[in-house]
file target.cif (mmCIF, C-alpha atoms)
data_input
loop_
_atom_site.label_atom_id
_atom_site.label_comp_id
_atom_site.auth_asym_id
_atom_site.auth_seq_id
_atom_site.Cartn_x
_atom_site.Cartn_y
_atom_site.Cartn_z
CA MET A 1 40.15 -2.60 39.50
CA ASN A 2 38.43 -5.21 37.42
CA LYS A 3 35.50 -4.65 35.12
CA GLN A 4 32.96 -6.09 37.50
CA ALA A 5 34.03 -3.76 40.27
CA VAL A 6 33.78 -0.77 37.96
CA LEU A 7 30.24 -1.60 36.96
CA ARG A 8 29.05 -2.66 40.39
CA LYS A 9 30.29 0.50 41.90
CA ARG A 10 28.45 2.68 39.46
CA VAL A 11 25.07 1.13 39.04
CA THR A 12 24.09 2.17 42.54
CA LEU A 13 24.07 5.89 41.83
CA SER A 14 20.66 7.46 42.11
CA GLU A 15 20.69 10.09 39.39
CA VAL A 16 18.88 7.98 36.86
CA ILE A 17 17.58 5.23 39.06
CA SER A 18 14.39 6.96 40.00
CA ARG A 19 11.65 5.16 38.21
CA ASN A 20 10.07 1.83 37.68
CA VAL A 21 9.82 0.26 34.30
CA HIS A 22 7.43 -2.52 33.58
CA GLU A 23 6.82 -3.19 29.95
CA ARG A 24 5.61 -5.96 27.76
CA GLU A 25 5.32 -5.58 24.06
CA PRO A 26 6.24 -7.40 20.86
CA ASP A 27 9.64 -6.79 19.38
CA PRO A 28 9.59 -6.96 15.58
CA HIS A 29 13.22 -8.05 15.47
CA LYS A 30 13.48 -10.54 18.28
CA GLY A 31 9.96 -11.88 18.75
CA GLU A 32 7.94 -11.57 21.91
CA GLY A 33 9.78 -10.18 24.84
CA GLU A 34 9.19 -9.23 28.38
CA VAL A 35 11.11 -7.06 30.72
CA PHE A 36 10.54 -6.24 34.30
CA ALA A 37 12.84 -3.83 36.00
CA ASP A 38 12.27 -2.24 39.33
CA VAL A 39 14.99 0.14 40.30
CA SER A 40 13.04 2.51 42.46
CA SER A 41 15.60 2.35 45.22
CA GLU A 42 19.19 3.34 44.90
CA ASP A 43 20.17 -0.27 44.48
CA TRP A 44 18.86 -2.58 41.85
CA THR A 45 16.04 -4.38 43.56
CA PHE A 46 15.75 -6.79 40.72
CA LEU A 47 16.24 -7.09 37.04
CA MET A 48 15.32 -10.21 35.21
CA ILE A 49 16.66 -11.28 31.90
CA ASP A 50 17.48 -14.44 30.04
CA SER A 51 20.26 -13.38 27.75
CA LEU A 52 22.43 -10.43 28.44
CA PRO A 53 23.90 -8.22 25.76
CA SER A 54 27.56 -8.94 25.28
CA GLY A 55 29.93 -6.85 27.30
CA ILE A 56 27.76 -6.29 30.33
CA GLN A 57 27.57 -9.78 31.79
CA ASP A 58 29.15 -8.57 34.98
CA VAL A 59 26.16 -6.50 35.99
CA PRO A 60 24.51 -8.01 39.04
CA ILE A 61 21.31 -9.32 37.51
CA ALA A 62 19.17 -12.35 38.26
CA LYS A 63 19.18 -14.24 35.01
CA ASN A 64 16.55 -16.79 35.84
CA ARG A 65 13.44 -15.18 34.40
CA GLY A 66 12.36 -12.71 31.80
CA LEU A 67 13.20 -12.31 28.15
CA TYR A 68 15.64 -9.95 26.54
CA GLN A 69 14.16 -7.16 24.52
CA TRP A 70 15.90 -4.39 22.71
CA PHE A 71 14.56 -1.58 24.81
CA PHE A 72 15.71 -3.31 27.93
CA HIS A 73 19.19 -3.21 26.48
CA ARG A 74 18.70 0.52 26.05
CA PHE A 75 17.37 0.84 29.55
CA LEU A 76 20.16 -1.16 31.08
CA THR A 77 22.90 0.55 29.16
CA SER A 78 21.32 3.88 29.96
CA LEU A 79 21.60 3.15 33.65
CA LEU A 80 25.14 1.96 33.27
CA SER A 81 26.30 4.80 31.13
CA ALA A 82 24.59 7.56 33.04
CA ALA A 83 25.83 6.15 36.30
CA THR A 84 29.36 5.77 35.04
CA THR A 85 29.96 9.45 34.86
CA SER A 86 33.62 9.34 35.64
CA ILE A 87 35.86 6.54 34.62
CA ASP A 88 39.38 6.52 35.83
CA PRO A 89 41.41 6.13 32.64
CA ASP A 90 44.18 4.50 34.62
CA VAL A 91 42.03 1.59 35.68
CA ALA A 92 39.52 1.18 32.89
CA SER A 93 40.57 -0.39 29.61
CA ILE A 94 40.02 1.49 26.37
CA GLU A 95 37.29 -0.98 25.46
CA GLU A 96 35.49 -0.46 28.77
CA LYS A 97 35.75 3.29 28.62
CA PHE A 98 34.59 3.35 25.02
CA ALA A 99 31.65 1.04 25.75
CA VAL A 100 30.42 3.24 28.56
CA LEU A 101 30.85 6.46 26.63
CA ALA A 102 29.31 5.03 23.44
CA ASN A 103 26.28 3.80 25.36
CA ARG A 104 25.92 7.14 27.03
CA TRP A 105 26.24 8.98 23.72
CA HIS A 106 23.58 6.80 22.09
CA ASP A 107 21.23 7.40 24.99
CA GLU A 108 21.83 11.12 24.98
CA THR A 109 21.44 11.66 21.25
CA ASP A 110 19.58 8.86 19.47
CA PHE A 111 16.33 10.85 19.56
CA LEU A 112 17.98 13.94 18.02
CA SER A 113 18.06 15.01 14.40
CA SER A 114 20.45 17.95 14.42
CA PRO A 115 23.97 16.74 13.55
CA SER A 116 25.57 19.57 15.48
CA ARG A 117 23.79 18.46 18.64
CA ILE A 118 24.49 14.78 17.98
CA THR A 119 28.21 15.19 17.35
CA GLY A 120 28.80 18.31 19.43
CA ASN A 121 27.70 16.32 22.45
CA ASP A 122 30.28 16.27 25.28
CA THR A 123 30.37 12.49 25.39
CA TYR A 124 31.07 12.32 21.66
CA LEU A 125 33.92 14.78 22.09
CA GLN A 126 35.27 12.69 24.95
CA ILE A 127 35.33 9.69 22.63
CA ILE A 128 37.22 11.67 19.98
CA SER A 129 39.68 12.78 22.62
CA MET A 130 40.62 9.11 23.15
CA GLY A 131 42.43 9.25 19.84
CA LYS A 132 42.98 6.90 16.92
CA ARG A 133 42.97 3.80 19.09
CA VAL A 134 39.16 3.95 19.23
CA ILE A 135 38.74 3.79 15.45
CA PRO A 136 38.21 -0.01 15.48
CA LEU A 137 35.73 0.33 18.34
CA ILE A 138 33.83 3.07 16.55
CA LEU A 139 33.68 0.97 13.39
CA GLU A 140 32.34 -2.01 15.35
CA ASP A 141 29.68 0.18 16.96
CA LEU A 142 28.80 1.65 13.58
CA LYS A 143 28.43 -1.86 12.21
CA GLU A 144 26.35 -3.13 15.13
CA ARG A 145 24.22 -0.14 16.10
CA GLY A 146 24.77 2.57 13.54
CA GLY A 147 24.78 6.21 14.53
CA HIS A 148 26.52 9.36 13.42
CA TRP A 149 30.09 8.23 13.88
CA TYR A 150 31.18 9.80 10.60
CA ARG A 151 32.48 13.06 12.02
CA ALA A 152 34.56 11.21 14.61
CA LEU A 153 35.97 8.90 11.95
CA ARG A 154 36.90 11.84 9.72
CA ILE A 155 38.59 13.69 12.56
CA LEU A 156 40.47 10.67 13.88
CA SER A 157 41.56 9.29 10.52
CA GLY A 158 42.09 12.53 8.63
CA GLU A 159 40.29 10.89 5.73
CA ASP A 160 36.85 11.03 4.20
CA PRO A 161 36.12 8.10 1.89
CA VAL A 162 32.46 9.08 1.42
CA PRO A 163 31.83 10.72 -1.96
CA ILE A 164 29.95 14.01 -1.90
CA GLU A 165 26.97 12.53 -3.70
CA ALA A 166 26.52 10.01 -0.88
CA ARG A 167 26.09 12.63 1.83
CA GLY A 168 23.03 11.89 3.90
CA ASP A 169 22.67 8.41 2.39
CA VAL A 170 23.34 6.70 5.69
CA GLU A 171 23.40 3.16 4.33
CA GLN A 172 26.03 4.05 1.75
CA MET A 173 28.07 6.11 4.21
CA LYS A 174 28.10 3.21 6.62
CA ARG A 175 29.10 0.70 3.94
CA THR A 176 31.86 3.02 2.72
CA TRP A 177 33.39 3.52 6.17
CA LEU A 178 33.22 -0.17 7.00
CA LYS A 179 34.94 -0.99 3.70
CA TRP A 180 37.55 1.65 4.52
CA GLY A 181 38.06 0.07 7.95
CA ARG A 182 38.52 -3.40 6.51
CA GLU A 183 40.98 -2.16 3.88
CA ARG A 184 43.10 -0.54 6.57
CA GLY A 185 42.92 -3.50 8.88
CA TYR A 186 40.89 -1.81 11.62
CA ILE A 187 38.15 -4.43 11.44
CA GLU A 188 37.71 -7.82 9.82
CA MET B 1 -4.07 -2.94 15.05
CA MET B 2 -3.00 -2.46 18.65
CA ARG B 3 -1.49 0.93 19.45
CA ARG B 4 2.05 0.46 20.67
CA PRO B 5 3.71 3.29 22.56
CA LEU B 6 7.43 3.93 22.80
CA PRO B 7 9.16 2.10 25.65
CA LYS B 8 9.15 4.16 28.84
CA VAL B 9 12.89 4.69 28.63
CA ALA B 10 12.56 6.28 25.19
CA GLN B 11 9.82 8.58 26.51
CA LEU B 12 12.12 10.06 29.13
CA GLY B 13 13.21 12.92 26.89
CA PHE B 14 9.61 13.93 26.24
CA PRO B 15 7.80 14.82 29.45
CA LYS B 16 4.44 15.40 27.76
CA LEU B 17 4.44 12.08 25.93
CA THR B 18 2.15 9.46 27.47
CA ASN B 19 1.20 5.94 26.43
CA GLU B 20 -2.19 7.35 25.48
CA ASN B 21 -1.19 10.25 23.23
CA HIS B 22 1.11 8.52 20.74
CA SER B 23 1.88 5.23 19.05
CA ILE B 24 4.82 3.79 17.13
CA SER B 25 4.19 3.70 13.40
CA SER B 26 7.43 2.22 12.06
CA PRO B 27 10.64 0.57 13.30
CA SER B 28 13.70 2.58 14.24
CA SER B 29 15.98 3.51 11.35
CA ASP B 30 19.21 5.37 10.72
CA ASN B 31 18.26 6.05 7.15
CA TYR B 32 16.26 9.24 7.58
CA ASN B 33 15.46 11.89 10.13
CA CYS B 34 12.53 14.10 11.04
CA ILE B 35 13.29 16.80 8.49
CA ALA B 36 13.32 14.23 5.68
CA TRP B 37 10.23 12.47 7.03
CA ALA B 38 8.26 15.71 7.19
CA TYR B 39 9.48 16.33 3.62
CA GLU B 40 8.18 12.85 2.72
CA VAL B 41 11.62 11.40 2.11
CA SER B 42 12.66 8.20 3.86
CA ASN B 43 16.15 7.45 2.54
CA LYS B 44 18.17 10.51 3.53
CA TRP B 45 19.37 12.22 6.69
CA MET B 46 18.67 15.86 5.87
CA TRP B 47 20.14 18.90 7.54
CA PRO B 48 21.57 22.11 6.09
CA GLY B 49 25.28 22.82 6.17
CA ASP B 50 26.54 19.51 7.52
CA PRO B 51 29.04 17.35 5.60
CA ASP B 52 27.30 14.12 6.61
CA CYS B 53 23.81 15.17 5.64
CA TYR B 54 21.95 15.61 2.41
CA TRP B 55 20.72 19.07 1.55
CA PRO B 56 19.56 20.44 -1.81
CA SER B 57 22.44 22.45 -3.23
CA ASP B 58 20.19 25.32 -4.29
CA ILE B 59 18.99 26.02 -0.75
CA ALA B 60 21.72 27.75 1.17
CA GLY B 61 21.86 30.17 4.03
CA VAL B 62 23.48 31.09 7.28
CA ASP B 63 20.33 31.02 9.37
CA GLU B 64 19.53 27.37 10.09
CA LEU B 65 15.82 27.89 10.73
CA ARG B 66 15.38 30.06 7.66
CA THR B 67 17.21 27.47 5.54
CA LEU B 68 15.07 24.64 6.90
CA LEU B 69 11.98 26.68 6.24
CA GLN B 70 13.07 27.28 2.66
CA LEU B 71 13.13 23.53 2.02
CA TYR B 72 9.41 23.31 2.64
CA LEU B 73 8.64 26.63 0.94
CA ASP B 74 10.35 25.33 -2.20
CA ALA B 75 8.14 22.25 -2.00
CA GLY B 76 5.03 24.41 -2.19
CA TYR B 77 4.33 25.02 1.49
CA LYS B 78 3.45 28.47 2.76
CA GLU B 79 3.77 29.74 6.30
CA CYS B 80 0.54 29.66 8.27
CA GLU B 81 -0.78 30.60 11.70
CA ASN B 82 -0.99 27.33 13.56
CA GLY B 83 -1.10 23.55 13.47
CA GLN B 84 -4.86 23.18 13.55
CA ARG B 85 -6.21 20.78 10.96
CA GLU B 86 -7.66 22.46 7.90
CA ASP B 87 -9.64 20.63 5.25
CA GLY B 88 -7.70 20.31 2.01
CA PHE B 89 -4.30 21.16 3.49
CA LYS B 90 -1.33 19.23 4.79
CA LYS B 91 0.83 20.90 7.41
CA VAL B 92 4.37 20.82 8.75
CA ALA B 93 5.45 22.19 12.12
CA ILE B 94 9.02 23.01 13.13
CA TYR B 95 10.12 22.78 16.74
CA VAL B 96 12.68 25.25 17.99
CA ASN B 97 14.52 25.62 21.27
CA GLN B 98 17.20 28.05 22.43
CA GLU B 99 19.78 26.20 20.30
CA GLY B 100 17.75 26.58 17.11
CA PRO B 101 15.54 24.23 15.10
CA GLN B 102 15.37 20.70 16.50
CA HIS B 103 12.52 18.81 14.93
CA ALA B 104 9.84 18.77 12.27
CA ALA B 105 6.49 16.99 12.30
CA ARG B 106 4.00 16.44 9.50
CA GLN B 107 0.24 16.44 9.94
CA LEU B 108 -1.76 13.47 8.76
CA GLU B 109 -5.22 13.68 7.23
CA SER B 110 -6.69 12.64 10.56
CA GLY B 111 -5.24 15.74 12.18
CA ARG B 112 -2.72 13.68 14.14
CA TRP B 113 1.00 14.22 13.54
CA THR B 114 3.76 11.93 12.35
CA SER B 115 7.30 12.37 13.65
CA LYS B 116 10.60 10.58 13.18
CA LEU B 117 12.46 10.76 16.48
CA GLY B 118 16.11 11.06 15.50
CA ARG B 119 17.26 7.55 14.61
CA LEU B 120 14.53 5.98 16.73
CA GLU B 121 11.02 5.12 15.55
CA ASP B 122 8.40 7.12 13.72
CA ILE B 123 5.48 7.85 15.94
CA GLU B 124 2.01 9.28 15.45
CA HIS B 125 1.06 11.77 18.12
CA ASP B 126 -2.25 13.41 18.88
CA THR B 127 -0.91 16.92 19.33
CA LEU B 128 2.22 18.93 18.67
CA GLU B 129 2.48 19.60 22.41
CA ALA B 130 3.14 15.91 23.03
CA LEU B 131 6.76 16.33 21.86
CA GLU B 132 7.39 19.73 23.37
CA GLY B 133 9.98 20.06 26.11
CA GLU B 134 13.65 20.66 26.63
CA SER B 135 14.74 18.25 23.88
CA TYR B 136 12.82 19.72 20.96
CA GLY B 137 11.59 23.03 22.33
CA LYS B 138 8.22 24.22 21.05
CA ALA B 139 6.46 24.00 17.71
CA ILE B 140 6.52 27.63 16.66
CA VAL B 141 6.75 27.60 12.88
CA PHE B 142 3.86 26.26 10.83
CA LEU B 143 3.52 25.66 7.13
CA ARG B 144 0.67 24.41 5.01
CA LYS B 145 0.26 23.11 1.48
CA ARG B 146 -2.90 22.34 -0.41
CA ASN B 147 -3.49 18.62 -0.90
CA VAL B 148 -3.30 17.64 -4.54
#
call {"tool": "encode", "arguments": {"input": "target.cif", "output": "structure tokens"}}
result
Amino acid sequence: MNKQAVLRKRVTLSEVISRNVHEREPDPHKGEGEVFADVSSEDWTFLMIDSLPSGIQDVPIAKNRGLYQWFFHRFLTSLLSAATTSIDPDVASIEEKFAVLANRWHDETDFLSSPSRITGNDTYLQIISMGKRVIPLILEDLKERGGHWYRALRILSGEDPVPIEARGDVEQMKRTWLKWGRERGYIE
Amino acid sequence: MMRRPLPKVAQLGFPKLTNENHSISSPSSDNYNCIAWAYEVSNKWMWPGDPDCYWPSDIAGVDELRTLLQLYLDAGYKECENGQREDGFKKVAIYVNQEGPQHAARQLESGRWTSKLGRLEDIEHDTLEALEGESYGKAIVFLRKRNV
């Protein structure tokens, strides 16, 4: 099964596709943006976007109108991740499986503050269960989006390069883990 | 300045949040969480007993809510009855659900509340009820401190 088939199959589920979203607002990071998504039916009636986030180009979307905005990325990945509730590990690549689970985890926990709820989340535990091979993917996600990947990195690597005095200093923790990843050849 | 609400998708976890009862007050950030923000700190992720979070070493305890409460008590807050605005006082409210404490909000002089939503944005919300629901539970612990 190729990637496109995996995604196409799953975006038609109805569990999260039950509302319309029509937003227009300025994005401080990417300038003015506009999104129009109408997914009130079980199929995507239309989604318009100019530039798609990397990794999800296979989603059936009309690209001719509309501007990309960060929350649309969240919305889109939320649909994809929530809809992709079961991925067959035999047919999905590690990267695909990780991308879906990571998106789902972000959507499920980004609004939370309690670390035990953020990292005790089932999706997070599923990611850890994928083993050391996801360390580079976690580090890339940490670099790109941030998030509380530190527990997963500690468990998977058996190491903790963050000094005690840096606990809770997210910027420093992130820098330290990325440096660790580069030194061990997990990322460039 | 125009009031800007959270995108609809980010409001999904908060059934009582509407475009009319809140507005974004700062960009999203990983650098601090609600507990720190209510404590007026914006460069630490604070939570007791977690190896990836900052917590003052002299505040320890088994009970998570009690330990969180102690943070604010040590900063001069005292427990109070409710979140109603009182002249001369600033207030903090702690939200709790069946899993324990989930969120803290700080009252502004206007009587509105400021909240950091996990690693998402800070928002100002008209009432404490606006963030109540399954995600955060209810605001049930209130503290106040005299404005200096």
call {"tool": "resolve_selection", "arguments": {"input": "target.cif", "expression": "the PyMOL selection byres ((chain A) within 7 of (chain B))", "output": "list in words"}}
result
Val21, Phe71, Phe75, Asp110, Phe111, Leu112, Ser113, Ser114, Gly146, Gly147, Arg167, Gly168, Asp169, Val170 and Glu171 of chain A
call {"tool": "resolve_selection", "arguments": {"input": "target.cif", "expression": "the PyMOL selection byres ((chain B and resi 85) around 12)", "output": "ChimeraX atom specification"}}
result
/B:80-84,86-93,106-113,126-128,142-146
call {"tool": "resolve_selection", "arguments": {"input": "target.cif", "expression": "the PyMOL selection byres ((chain A and resi 117-120) around 9)", "output": "ChimeraX atom specification"}}
result
/A:105,108-110,112-116,121-125,148-149,151-152 /B:99,102
call {"tool": "axis_aligned_box", "arguments": {"input": "target.cif", "around": "stretch 83-99 of chain B", "padding_each_side": "5 Å", "output": "JSON"}}
result
{"center_x": 5.1, "center_y": 23.6, "center_z": 12.2, "size_x": 39.4, "size_y": 18.8, "size_z": 30.4}
call {"tool": "closest_residue", "arguments": {"input": "target.cif", "among": "A:Glu188, A:Gln126, A:Ser93, A:Ile135", "to": "A:Tyr150", "atoms": "only C-alpha atoms"}}
result
A:Ile135
call {"tool": "closest_residue", "arguments": {"input": "target.cif", "among": "A:Val134, A:Asp107, A:Ala166, A:Ile128", "to": "A:Ile94", "atoms": "all atoms listed in the file"}}
result
A:Val134
call {"tool": "atom_distance", "arguments": {"input": "target.cif", "atom1": "atom CA of B:Ser115", "atom2": "atom CA of B:Ile24"}}
result
9.6 Å
call {"tool": "residues_around", "arguments": {"input": "target.cif", "residues": "B:Arg3", "least_positions_apart": "4", "cutoff": "10 Å", "atoms": "all atoms listed in the file", "output": "VMD selection string"}}
result
chain B and resid 19 to 20 22 to 25 124
call {"tool": "residues_around", "arguments": {"input": "target.cif", "residues": "A:Asp160", "least_positions_apart": "2", "cutoff": "10 Å", "atoms": "all atoms listed in the file", "output": "CSV table (one decimal) with C-alpha atoms, in the coordinates of the input"}}
result
chain,number,residue,atom,x,y,z
A,150,TYR,CA,31.2,9.8,10.6
A,151,ARG,CA,32.5,13.1,12.0
A,153,LEU,CA,36.0,8.9,12.0
A,154,ARG,CA,36.9,11.8,9.7
A,155,ILE,CA,38.6,13.7,12.6
A,157,SER,CA,41.6,9.3,10.5
A,158,GLY,CA,42.1,12.5,8.6
A,162,VAL,CA,32.5,9.1,1.4
A,163,PRO,CA,31.8,10.7,-2.0
A,164,ILE,CA,30.0,14.0,-1.9
A,176,THR,CA,31.9,3.0,2.7
A,177,TRP,CA,33.4,3.5,6.2
A,180,TRP,CA,37.6,1.6,4.5
call {"tool": "atom_distance", "arguments": {"input": "target.cif", "atom1": "atom CA of A:Phe98", "atom2": "atom CA of A:Ile138"}}
result
8.5 Å
call {"tool": "atom_distance", "arguments": {"input": "target.cif", "atom1": "atom CA of B:Val96", "atom2": "atom CA of B:Ser26"}}
result
24.4 Å
call {"tool": "decode", "arguments": {"input": "target.cif", "residues": "stretch 16-31 of chain B", "atoms": "N, CA and C atoms", "output": "CSV table (one decimal), in the first residue's frame"}}
result
chain,number,residue,atom,x,y,z
B,16,LYS,N,-16.8,25.6,26.3
B,16,LYS,CA,-17.5,26.9,26.7
B,16,LYS,C,-16.7,28.1,26.1
B,17,LEU,N,-15.7,27.8,25.4
B,17,LEU,CA,-14.9,29.0,24.8
B,17,LEU,C,-15.6,29.4,23.5
B,18,THR,N,-15.9,30.7,23.3
B,18,THR,CA,-16.5,31.2,22.1
B,18,THR,C,-15.6,32.3,21.6
B,19,ASN,N,-15.8,32.7,20.4
B,19,ASN,CA,-15.0,33.8,19.8
B,19,ASN,C,-15.2,35.1,20.6
B,20,GLU,N,-16.3,35.2,21.3
B,20,GLU,CA,-16.7,36.4,22.0
B,20,GLU,C,-16.1,36.5,23.4
B,21,ASN,N,-15.8,35.3,24.0
B,21,ASN,CA,-15.4,35.4,25.4
B,21,ASN,C,-13.9,35.3,25.7
B,22,HIS,N,-13.1,35.3,24.6
B,22,HIS,CA,-11.7,35.3,24.9
B,22,HIS,C,-11.0,35.9,23.7
B,23,SER,N,-9.7,36.2,23.9
B,23,SER,CA,-8.8,36.7,22.8
B,23,SER,C,-7.4,36.3,23.1
B,24,ILE,N,-6.7,36.1,22.0
B,24,ILE,CA,-5.2,35.7,22.1
B,24,ILE,C,-4.5,36.9,22.6
B,25,SER,N,-3.5,36.7,23.5
B,25,SER,CA,-2.8,37.8,24.0
B,25,SER,C,-1.3,37.7,23.8
B,26,SER,N,-0.8,36.5,23.3
B,26,SER,CA,0.6,36.3,22.9
B,26,SER,C,0.7,35.1,22.1
B,27,PRO,N,1.8,35.0,21.3
B,27,PRO,CA,2.0,33.9,20.4
B,27,PRO,C,2.2,32.6,21.2
B,28,SER,N,2.1,31.5,20.5
B,28,SER,CA,2.3,30.2,21.2
B,28,SER,C,3.8,30.1,21.6
B,29,SER,N,4.1,29.3,22.6
B,29,SER,CA,5.5,29.2,23.1
B,29,SER,C,5.6,27.9,23.9
B,30,ASP,N,6.7,27.3,23.7
B,30,ASP,CA,7.1,26.1,24.5
B,30,ASP,C,7.7,26.5,25.8
B,31,ASN,N,8.1,27.7,25.9
B,31,ASN,CA,9.0,28.1,27.0
B,31,ASN,C,8.4,28.1,28.4
